[in-house]
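Remarks on the structure that follows.
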Amino acid sequence: MPRVRLQVSALHKAFGTNLVLRGLDLELAAGEIHALVGGNGAGKSTLSKIIAGLETRSSGELVFDGVAYAPTSRREAQAAGVVMVLQELSVLPTLSVAENLLLGELPSRAGMLDRKRLFADAKAALVKVGLGSLDPETLAGSLGVGHQQLVEIAAGLTKECRLLVLDEPTAALSGAETKTLFELLRTLRAAGTTILYISHRLEELEVIADRVSVLRDGQMIATKAIRETTRAELIQLMAGQAIAMVSRKSTRTKGEAMLRVRDLHAGRAVRGVSFEVGAGEIVGLGGLVGAGRTELLRALFGADVRDRGEVFFGDSMQSFSPATTHESVERGIAFVPEDRKHHGILAPLAVRTNASLTRLPTRAGIPGWINGAAERSGVLGLLEKLRVRFADQEQPIAQLSGGNQQKVVIGRWLQRDVRLWLLDEPTRGVDAAARQGIYDLLHTLAEAGPAMLVASSDYEELAMLCDRVLVMSNGRITAEFTRETLTPDAFMAAAFAGFSTETRTN
Ligand SMILES: Nc1ncnc2c1ncn2[C@@H]1O[C@H](COP(=O)(O)OP(=O)(O)O)[C@@H](O)[C@H]1O
Ligand SMILES: [Mg+2]
């Protein structure tokens, strides 16, 4: 039996009242490539961040090479020999590759940056990751995302590394770059380094991993030798039992098509998408992180450029290609973005101001003159109708709970005649109790006849809210389910379907 590198026992992690890791155990051997898989929100990133010192655990034990291990910072984990490459790139685009590689320990001589040594050290680090041909003086920002990711991995490996944690490293990599990465991982493994490898690309695990662990809802479901399992089995383990659908009998009847999308392409993320949404219909958009859901919604709204394809919209189904988001709003499209804190609310401003953002009444019809009295009475009625709980409409919206903030963000559109709702993760950061309130609100809104397209990472949410669910995977729609045909297994299989090696196009 190989030596144990990391032993995780009874690990718990709660964010507030949300228990996201629930007593999980995991054993990583010295010199193995251990894959970690699971659906959205299973806890993969949280687990790896705890291992790498970026999050602290709530309870449980970690033992690293025989010694109790509880890092409280990334630096402390690195000192112990644990390096993590994050899902989000942190390469600084305006610095050279060399500076990015050795940031924090730039070599100096007599107080001056020793550029000669910097480039020599950087070159050595690049050779190690198979990027020997890359000039260390290149500006990092001028590289493609794949190469930036490899530079990031190289930066991690300038420190001594006994455990390397990679969270979705190949999402941005081309086929050739992935090969380079795998070569590197094999070299590291041969030298005794343990690698914890998180990926959506199940096929690649068969090529690179020795063992695989499956996480579901913060619990470790199984650990298997990669040779002794199949993709189908992994998908089943990730999906779990069917959730009883809390189906609320819909009183809505699906009307004529309100939105028709034909072979839409937008950037790298949306690569040939076709579907339809009827009036009064709520259609869900499921998939893994990075599947292209947000980009699809943005392209429909006119926030991102469309490269190809056709969109027909409205009661008369005219061809629709907005030049600006303003035009979309004028035509009756409402967009509720994923990141409420940055794009949805103006945190320091009053609830009243936030609620009336889509239509500020002007005084005497003069644009720019806001009629305070009209605004106040209009907003108050609206907030009451939405059952938003607040003390005073003049209080900053930041003081409201997540659920109530979201109701304001959704509700502000009610001052317009919305024909199409585009909602991205409408209950992110909203606690379980308040979610139902949002679902009720959306059901009520749909009854008035608009079409609704809802992107969500939460299977249960899609099952509870939607009449139909489309699954996106790697830029394409890989399946469509009705309430009757939706099952966790089939959903999970569709979510992973696009991330196979043959479909890698970048
Ligand atoms: N900083 C945070 N605050 C609150 N909840 C969080 C935070 N980070 C993650 N979560 C929640 O923890 C759960 C697990 O998330 P994560 O570890 O990112 O899953 P995965 O990487 O498997 O998709 C999710 O429900 C997520 O919403
Ligand atoms: Mg993650």
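Quick note on naming: the chains in the structure tokens go A, B, ... in the order shown, residues restart at 1 in each chain, and ligands are numbered from 1 in order of appearance.
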
> What residues have any atom no more than 8 Å from ligand 2 when counting only C-alpha atoms and all ligand atoms, and can you list them as a list in words?
Replying inline: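 My answer, listing the contacting residues, is Asn40, Gly41, Gly43, Lys44, Ser45, Thr46, Gln87, Asp167, Glu168 and Val289 of chain A.
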
Restrict the selected residues to C-alpha atoms and save them as a PDB file, in the first residue's frame.
ATOM      1  CA  ASN A  40     -22.367  21.989  -9.257  1.00  0.00           C
ATOM      2  CA  GLY A  41     -22.177  22.937  -5.609  1.00  0.00           C
ATOM      3  CA  GLY A  43     -18.256  21.050  -2.499  1.00  0.00           C
ATOM      4  CA  LYS A  44     -15.195  20.355  -4.681  1.00  0.00           C
ATOM      5  CA  SER A  45     -13.823  23.886  -4.616  1.00  0.00           C
ATOM      6  CA  THR A  46     -14.542  24.293  -0.918  1.00  0.00           C
ATOM      7  CA  GLN A  87     -10.264  28.062 -10.999  1.00  0.00           C
ATOM      8  CA  ASP A 167      -9.401  23.078  -9.823  1.00  0.00           C
ATOM      9  CA  GLU A 168     -10.707  22.702 -13.407  1.00  0.00           C
ATOM     10  CA  VAL A 289     -20.036  25.953 -14.461  1.00  0.00           C
TER      11      VAL A 289
END

Which residues of chain A have any atom within 10 Å of an atom in ligand 1 when counting only C-alpha atoms and all ligand atoms, and what is the closest pair of atoms for each, with the distance in Å to one decimal? Order the rows by chain and rising number and write it as a tab-separated table.
residue	atom	partner	partner_atom_place_in_ligand_line	distance
A:Lys13	CA	ligand 1	12 (O)	8.7
A:Ala14	CA	ligand 1	5 (N)	7.9
A:Phe15	CA	ligand 1	4 (C)	4.8
A:Gly16	CA	ligand 1	4 (C)	7.2
A:Thr17	CA	ligand 1	4 (C)	9.3
A:Asn18	CA	ligand 1	5 (N)	6.9
A:Leu19	CA	ligand 1	12 (O)	7.7
A:Val20	CA	ligand 1	12 (O)	4.9
A:Leu21	CA	ligand 1	14 (C)	7.6
A:Leu36	CA	ligand 1	22 (O)	9.2
A:Val37	CA	ligand 1	22 (O)	7.8
A:Gly38	CA	ligand 1	22 (O)	5.9
A:Gly39	CA	ligand 1	22 (O)	6.1
A:Asn40	CA	ligand 1	23 (O)	3.9
A:Gly41	CA	ligand 1	19 (O)	3.4
A:Ala42	CA	ligand 1	22 (O)	3.8
A:Gly43	CA	ligand 1	17 (O)	3.3
A:Lys44	CA	ligand 1	22 (O)	3.7
A:Ser45	CA	ligand 1	21 (O)	3.6
A:Thr46	CA	ligand 1	17 (O)	3.6
A:Leu47	CA	ligand 1	17 (O)	6.4
A:Ser48	CA	ligand 1	17 (O)	8.0
A:Lys49	CA	ligand 1	17 (O)	8.3
A:Ile50	CA	ligand 1	17 (O)	9.8
A:Glu55	CA	ligand 1	1 (N)	8.6
A:Gln87	CA	ligand 1	21 (O)	9.2
A:Asp167	CA	ligand 1	21 (O)	8.2
A:Glu168	CA	ligand 1	21 (O)	9.3
A:Ile198	CA	ligand 1	21 (O)	8.7
A:Leu215	CA	ligand 1	22 (O)	7.6
A:Arg216	CA	ligand 1	22 (O)	8.1
A:Asp217	CA	ligand 1	14 (C)	7.7
A:Gly218	CA	ligand 1	14 (C)	7.1
A:Leu288	CA	ligand 1	23 (O)	8.3
A:Val289	CA	ligand 1	23 (O)	7.5
A:Arg428	CA	ligand 1	27 (O)	7.2
A:Gly429	CA	ligand 1	27 (O)	7.1
A:Val430	CA	ligand 1	27 (O)	9.7
A:Ser457	CA	ligand 1	23 (O)	8.8
A:Asp458	CA	ligand 1	25 (O)	8.7

Print the selection's residues with N, CA and C atoms to a file, as a short mmCIF file (atom, residue, chain, number, x, y, z; two decimals), in the first residue's frame.
data_model
loop_
_atom_site.label_atom_id
_atom_site.label_comp_id
_atom_site.auth_asym_id
_atom_site.auth_seq_id
_atom_site.Cartn_x
_atom_site.Cartn_y
_atom_site.Cartn_z
N LYS A 13 -17.81 21.78 6.87
CA LYS A 13 -17.65 23.20 6.60
C LYS A 13 -19.02 23.83 6.44
N ALA A 14 -19.27 24.88 7.22
CA ALA A 14 -20.52 25.61 7.10
C ALA A 14 -20.22 27.05 6.71
N PHE A 15 -21.02 27.57 5.79
CA PHE A 15 -21.02 29.01 5.53
C PHE A 15 -22.29 29.53 6.18
N GLY A 16 -22.16 30.20 7.30
CA GLY A 16 -23.35 30.60 8.04
C GLY A 16 -24.13 29.35 8.43
N THR A 17 -25.40 29.28 8.05
CA THR A 17 -26.20 28.12 8.41
C THR A 17 -26.14 27.05 7.30
N ASN A 18 -25.45 27.37 6.23
CA ASN A 18 -25.39 26.45 5.08
C ASN A 18 -24.24 25.45 5.25
N LEU A 19 -24.61 24.21 5.54
CA LEU A 19 -23.59 23.17 5.75
C LEU A 19 -23.20 22.59 4.40
N VAL A 20 -22.00 22.91 3.91
CA VAL A 20 -21.65 22.49 2.54
C VAL A 20 -20.73 21.27 2.49
N LEU A 21 -19.95 21.03 3.56
CA LEU A 21 -19.21 19.76 3.65
C LEU A 21 -19.71 19.05 4.90
N LEU A 36 -11.22 14.39 -8.55
CA LEU A 36 -12.37 14.69 -7.70
C LEU A 36 -13.47 15.19 -8.63
N VAL A 37 -14.61 14.49 -8.60
CA VAL A 37 -15.71 14.90 -9.47
C VAL A 37 -16.99 15.10 -8.65
N GLY A 38 -17.92 15.83 -9.23
CA GLY A 38 -19.20 16.09 -8.57
C GLY A 38 -19.95 17.16 -9.33
N GLY A 39 -21.24 17.24 -9.14
CA GLY A 39 -22.05 18.25 -9.81
C GLY A 39 -21.79 19.64 -9.23
N ASN A 40 -22.50 20.63 -9.77
CA ASN A 40 -22.37 21.99 -9.26
C ASN A 40 -22.70 22.04 -7.78
N GLY A 41 -21.87 22.73 -7.01
CA GLY A 41 -22.18 22.94 -5.61
C GLY A 41 -21.96 21.73 -4.74
N ALA A 42 -21.32 20.67 -5.27
CA ALA A 42 -21.09 19.46 -4.47
C ALA A 42 -20.11 19.72 -3.34
N GLY A 43 -19.22 20.71 -3.54
CA GLY A 43 -18.26 21.05 -2.50
C GLY A 43 -16.81 20.85 -2.92
N LYS A 44 -16.56 20.61 -4.21
CA LYS A 44 -15.20 20.35 -4.68
C LYS A 44 -14.26 21.53 -4.41
N SER A 45 -14.70 22.72 -4.80
CA SER A 45 -13.82 23.89 -4.62
C SER A 45 -13.62 24.18 -3.14
N THR A 46 -14.66 24.04 -2.35
CA THR A 46 -14.54 24.29 -0.92
C THR A 46 -13.55 23.32 -0.28
N LEU A 47 -13.67 22.05 -0.61
CA LEU A 47 -12.74 21.06 -0.08
C LEU A 47 -11.31 21.40 -0.48
N SER A 48 -11.11 21.73 -1.75
CA SER A 48 -9.73 21.98 -2.17
C SER A 48 -9.20 23.27 -1.57
N LYS A 49 -10.06 24.25 -1.37
CA LYS A 49 -9.60 25.49 -0.73
C LYS A 49 -9.21 25.26 0.72
N ILE A 50 -9.93 24.38 1.40
CA ILE A 50 -9.55 24.07 2.79
C ILE A 50 -8.18 23.38 2.81
N GLU A 55 -9.54 28.46 2.75
CA GLU A 55 -10.74 28.49 3.60
C GLU A 55 -10.36 27.73 4.85
N GLN A 87 -9.37 28.12 -9.85
CA GLN A 87 -10.26 28.06 -11.00
C GLN A 87 -10.22 29.39 -11.77
N ASP A 167 -7.95 22.97 -9.74
CA ASP A 167 -9.40 23.08 -9.82
C ASP A 167 -9.77 23.43 -11.26
N GLU A 168 -10.28 22.48 -12.01
CA GLU A 168 -10.71 22.70 -13.41
C GLU A 168 -9.60 23.29 -14.26
N ILE A 198 -9.40 18.29 -10.18
CA ILE A 198 -10.84 18.47 -10.36
C ILE A 198 -11.11 18.76 -11.83
N LEU A 215 -17.97 13.38 -5.06
CA LEU A 215 -18.62 14.18 -4.03
C LEU A 215 -20.05 14.46 -4.45
N ARG A 216 -20.95 14.41 -3.49
CA ARG A 216 -22.33 14.83 -3.75
C ARG A 216 -22.87 15.49 -2.49
N ASP A 217 -23.40 16.69 -2.65
CA ASP A 217 -23.97 17.41 -1.51
C ASP A 217 -23.06 17.41 -0.29
N GLY A 218 -21.78 17.64 -0.49
CA GLY A 218 -20.87 17.77 0.64
C GLY A 218 -20.50 16.46 1.31
N LEU A 288 -23.09 22.65 -16.23
CA LEU A 288 -21.98 22.83 -15.31
C LEU A 288 -21.46 24.26 -15.41
N VAL A 289 -20.69 24.65 -14.41
CA VAL A 289 -20.04 25.95 -14.46
C VAL A 289 -19.19 26.00 -15.74
N ARG A 428 -29.24 32.67 -6.22
CA ARG A 428 -27.89 32.56 -5.65
C ARG A 428 -27.78 33.48 -4.43
N GLY A 429 -27.27 32.92 -3.34
CA GLY A 429 -27.08 33.72 -2.14
C GLY A 429 -28.37 34.01 -1.39
N VAL A 430 -29.46 33.37 -1.82
CA VAL A 430 -30.75 33.55 -1.15
C VAL A 430 -30.96 32.31 -0.28
N SER A 457 -27.75 26.66 -11.56
CA SER A 457 -26.81 25.57 -11.32
C SER A 457 -27.40 24.54 -10.38
N ASP A 458 -28.62 24.80 -9.96
CA ASP A 458 -29.22 23.98 -8.93
C ASP A 458 -30.30 23.08 -9.55
#

>> Using DSSP secondary structure from the backbone, list all helix (DSSP H, G or I) positions within segment 292-350 of chain A, as a ChimeraX atom specification.
In response: /A:293-301,325-330,340-344

> What is the distance between atom CA of Ala299 of chain A and atom CA of Asp440 of chain A, in Å to one decimal?
Replying inline: 27.2 Å

> At what distance in Å, to one decimal, does atom CA of Gln236 of chain A lie from atom CA of Ser9 of chain A?
Replying inline: 24.6 Å

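Taking only C-alpha atoms into account, His147 of chain A lies nearest to A:Val91 out of the set A:Val91, A:Leu11, A:Ala497, A:Ile221.
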
DSSP-assigned strand (DSSP E) members of segment 179-340 of chain A, reported as a compact mmCIF listing (two decimals) with N, CA and C atoms, in the first residue's frame:
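Here's the written file selection-v7.txt:
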# COMPACT_ATOMS: atom_id res chain seq x y z
N THR A 194 1.83 14.35 -5.09
CA THR A 194 0.42 13.95 -5.18
C THR A 194 -0.35 15.05 -5.88
N ILE A 195 -1.29 14.68 -6.72
CA ILE A 195 -2.08 15.68 -7.43
C ILE A 195 -3.57 15.43 -7.20
N LEU A 196 -4.25 16.45 -6.72
CA LEU A 196 -5.70 16.38 -6.59
C LEU A 196 -6.26 17.16 -7.77
N TYR A 197 -7.04 16.49 -8.59
CA TYR A 197 -7.37 17.01 -9.91
C TYR A 197 -8.88 17.08 -10.09
N ILE A 198 -9.40 18.29 -10.18
CA ILE A 198 -10.84 18.47 -10.36
C ILE A 198 -11.11 18.76 -11.83
N ARG A 211 -6.95 7.33 -9.36
CA ARG A 211 -8.18 7.04 -8.62
C ARG A 211 -9.11 8.23 -8.77
N VAL A 212 -10.36 8.01 -8.45
CA VAL A 212 -11.34 9.10 -8.54
C VAL A 212 -12.28 9.05 -7.33
N SER A 213 -12.55 10.21 -6.74
CA SER A 213 -13.52 10.30 -5.65
C SER A 213 -14.71 11.12 -6.11
N VAL A 214 -15.88 10.70 -5.68
CA VAL A 214 -17.12 11.36 -6.09
C VAL A 214 -17.74 12.08 -4.90
N LEU A 215 -17.97 13.38 -5.06
CA LEU A 215 -18.62 14.18 -4.03
C LEU A 215 -20.05 14.46 -4.45
N ARG A 216 -20.95 14.41 -3.49
CA ARG A 216 -22.33 14.83 -3.75
C ARG A 216 -22.87 15.49 -2.49
N GLN A 219 -20.84 15.35 0.65
CA GLN A 219 -20.48 14.05 1.23
C GLN A 219 -19.67 13.23 0.22
N MET A 220 -18.75 12.42 0.75
CA MET A 220 -17.96 11.57 -0.12
C MET A 220 -18.78 10.32 -0.41
N ILE A 221 -19.10 10.12 -1.67
CA ILE A 221 -19.97 9.01 -2.05
C ILE A 221 -19.17 7.74 -2.32
N ALA A 222 -18.02 7.90 -2.99
CA ALA A 222 -17.22 6.72 -3.31
C ALA A 222 -15.83 7.14 -3.76
N THR A 223 -14.86 6.25 -3.55
CA THR A 223 -13.54 6.40 -4.16
C THR A 223 -13.26 5.11 -4.92
N LYS A 224 -12.85 5.26 -6.18
CA LYS A 224 -12.65 4.09 -7.03
C LYS A 224 -11.33 4.19 -7.77
N ALA A 225 -10.74 3.02 -8.05
CA ALA A 225 -9.62 3.00 -8.99
C ALA A 225 -10.19 3.33 -10.36
N ALA A 257 -45.03 30.74 -29.62
CA ALA A 257 -43.61 31.01 -29.37
C ALA A 257 -43.39 32.51 -29.16
N MET A 258 -42.57 32.84 -28.19
CA MET A 258 -42.24 34.25 -27.91
C MET A 258 -40.79 34.51 -28.29
N LEU A 259 -39.97 33.45 -28.18
CA LEU A 259 -38.55 33.58 -28.51
C LEU A 259 -38.15 32.35 -29.31
N ARG A 260 -37.51 32.59 -30.44
CA ARG A 260 -37.00 31.46 -31.21
C ARG A 260 -35.56 31.75 -31.57
N VAL A 261 -34.67 30.83 -31.21
CA VAL A 261 -33.23 31.01 -31.41
C VAL A 261 -32.76 29.94 -32.37
N ARG A 262 -32.03 30.36 -33.42
CA ARG A 262 -31.56 29.41 -34.43
C ARG A 262 -30.05 29.51 -34.59
N ASP A 263 -29.36 28.44 -34.22
CA ASP A 263 -27.91 28.32 -34.46
C ASP A 263 -27.12 29.54 -34.01
N LEU A 264 -27.37 29.97 -32.80
CA LEU A 264 -26.71 31.16 -32.27
C LEU A 264 -25.27 30.84 -31.86
N HIS A 265 -24.37 31.72 -32.29
CA HIS A 265 -22.96 31.63 -31.89
C HIS A 265 -22.56 32.96 -31.26
N ALA A 266 -21.84 32.90 -30.16
CA ALA A 266 -21.32 34.13 -29.54
C ALA A 266 -20.02 33.79 -28.83
N VAL A 270 -20.69 30.21 -26.68
CA VAL A 270 -21.98 29.81 -27.26
C VAL A 270 -21.73 29.37 -28.69
N ARG A 271 -21.92 28.07 -28.96
CA ARG A 271 -21.42 27.54 -30.22
C ARG A 271 -22.47 26.74 -30.99
N GLY A 272 -23.55 27.45 -31.33
CA GLY A 272 -24.57 26.80 -32.14
C GLY A 272 -25.72 26.33 -31.27
N VAL A 273 -26.53 27.28 -30.84
CA VAL A 273 -27.62 26.96 -29.92
C VAL A 273 -28.96 27.28 -30.58
N SER A 274 -29.89 26.33 -30.53
CA SER A 274 -31.23 26.53 -31.08
C SER A 274 -32.28 26.07 -30.06
N PHE A 275 -33.29 26.88 -29.85
CA PHE A 275 -34.40 26.48 -28.98
C PHE A 275 -35.52 27.51 -29.10
N GLU A 276 -36.61 27.21 -28.40
CA GLU A 276 -37.78 28.08 -28.44
C GLU A 276 -38.36 28.21 -27.05
N VAL A 277 -38.91 29.35 -26.74
CA VAL A 277 -39.64 29.51 -25.48
C VAL A 277 -41.00 30.11 -25.82
N GLY A 278 -42.05 29.49 -25.26
CA GLY A 278 -43.39 29.97 -25.54
C GLY A 278 -43.83 31.05 -24.57
N ILE A 282 -41.97 28.77 -18.58
CA ILE A 282 -40.71 28.94 -17.86
C ILE A 282 -39.76 27.83 -18.29
N VAL A 283 -38.69 28.23 -18.97
CA VAL A 283 -37.72 27.24 -19.46
C VAL A 283 -36.42 27.40 -18.69
N GLY A 284 -35.94 26.29 -18.16
CA GLY A 284 -34.70 26.29 -17.38
C GLY A 284 -33.50 26.04 -18.26
N LEU A 285 -32.37 26.55 -17.82
CA LEU A 285 -31.12 26.35 -18.53
C LEU A 285 -30.13 25.80 -17.51
N GLY A 286 -29.87 24.48 -17.61
CA GLY A 286 -28.98 23.85 -16.63
C GLY A 286 -27.63 23.58 -17.24
N ARG A 308 -23.15 34.81 -35.06
CA ARG A 308 -23.87 34.11 -36.10
C ARG A 308 -25.20 33.63 -35.52
N GLY A 309 -26.16 33.36 -36.38
CA GLY A 309 -27.42 32.81 -35.92
C GLY A 309 -28.54 33.83 -35.98
N GLU A 310 -29.75 33.35 -35.71
CA GLU A 310 -30.92 34.21 -35.80
C GLU A 310 -31.74 34.13 -34.53
N VAL A 311 -32.33 35.26 -34.17
CA VAL A 311 -33.21 35.30 -33.03
C VAL A 311 -34.50 35.98 -33.47
N PHE A 312 -35.61 35.33 -33.19
CA PHE A 312 -36.92 35.91 -33.47
C PHE A 312 -37.60 36.12 -32.15
N PHE A 313 -38.28 37.26 -32.01
CA PHE A 313 -38.80 37.59 -30.70
C PHE A 313 -40.05 38.45 -30.77
N GLN A 318 -40.65 38.84 -34.82
CA GLN A 318 -39.77 39.48 -35.79
C GLN A 318 -38.32 39.15 -35.47
N SER A 319 -37.52 39.21 -36.50
CA SER A 319 -36.08 39.01 -36.31
C SER A 319 -35.57 40.10 -35.37
N ILE A 333 -37.45 43.26 -22.94
CA ILE A 333 -36.65 42.18 -22.38
C ILE A 333 -36.09 42.62 -21.03
N ALA A 334 -36.26 41.78 -20.03
CA ALA A 334 -35.73 42.06 -18.70
C ALA A 334 -34.58 41.11 -18.43
N PHE A 335 -33.52 41.64 -17.88
CA PHE A 335 -32.34 40.81 -17.60
C PHE A 335 -31.98 40.94 -16.13
N VAL A 336 -31.93 39.81 -15.43
CA VAL A 336 -31.55 39.81 -14.02
C VAL A 336 -30.23 39.05 -13.92
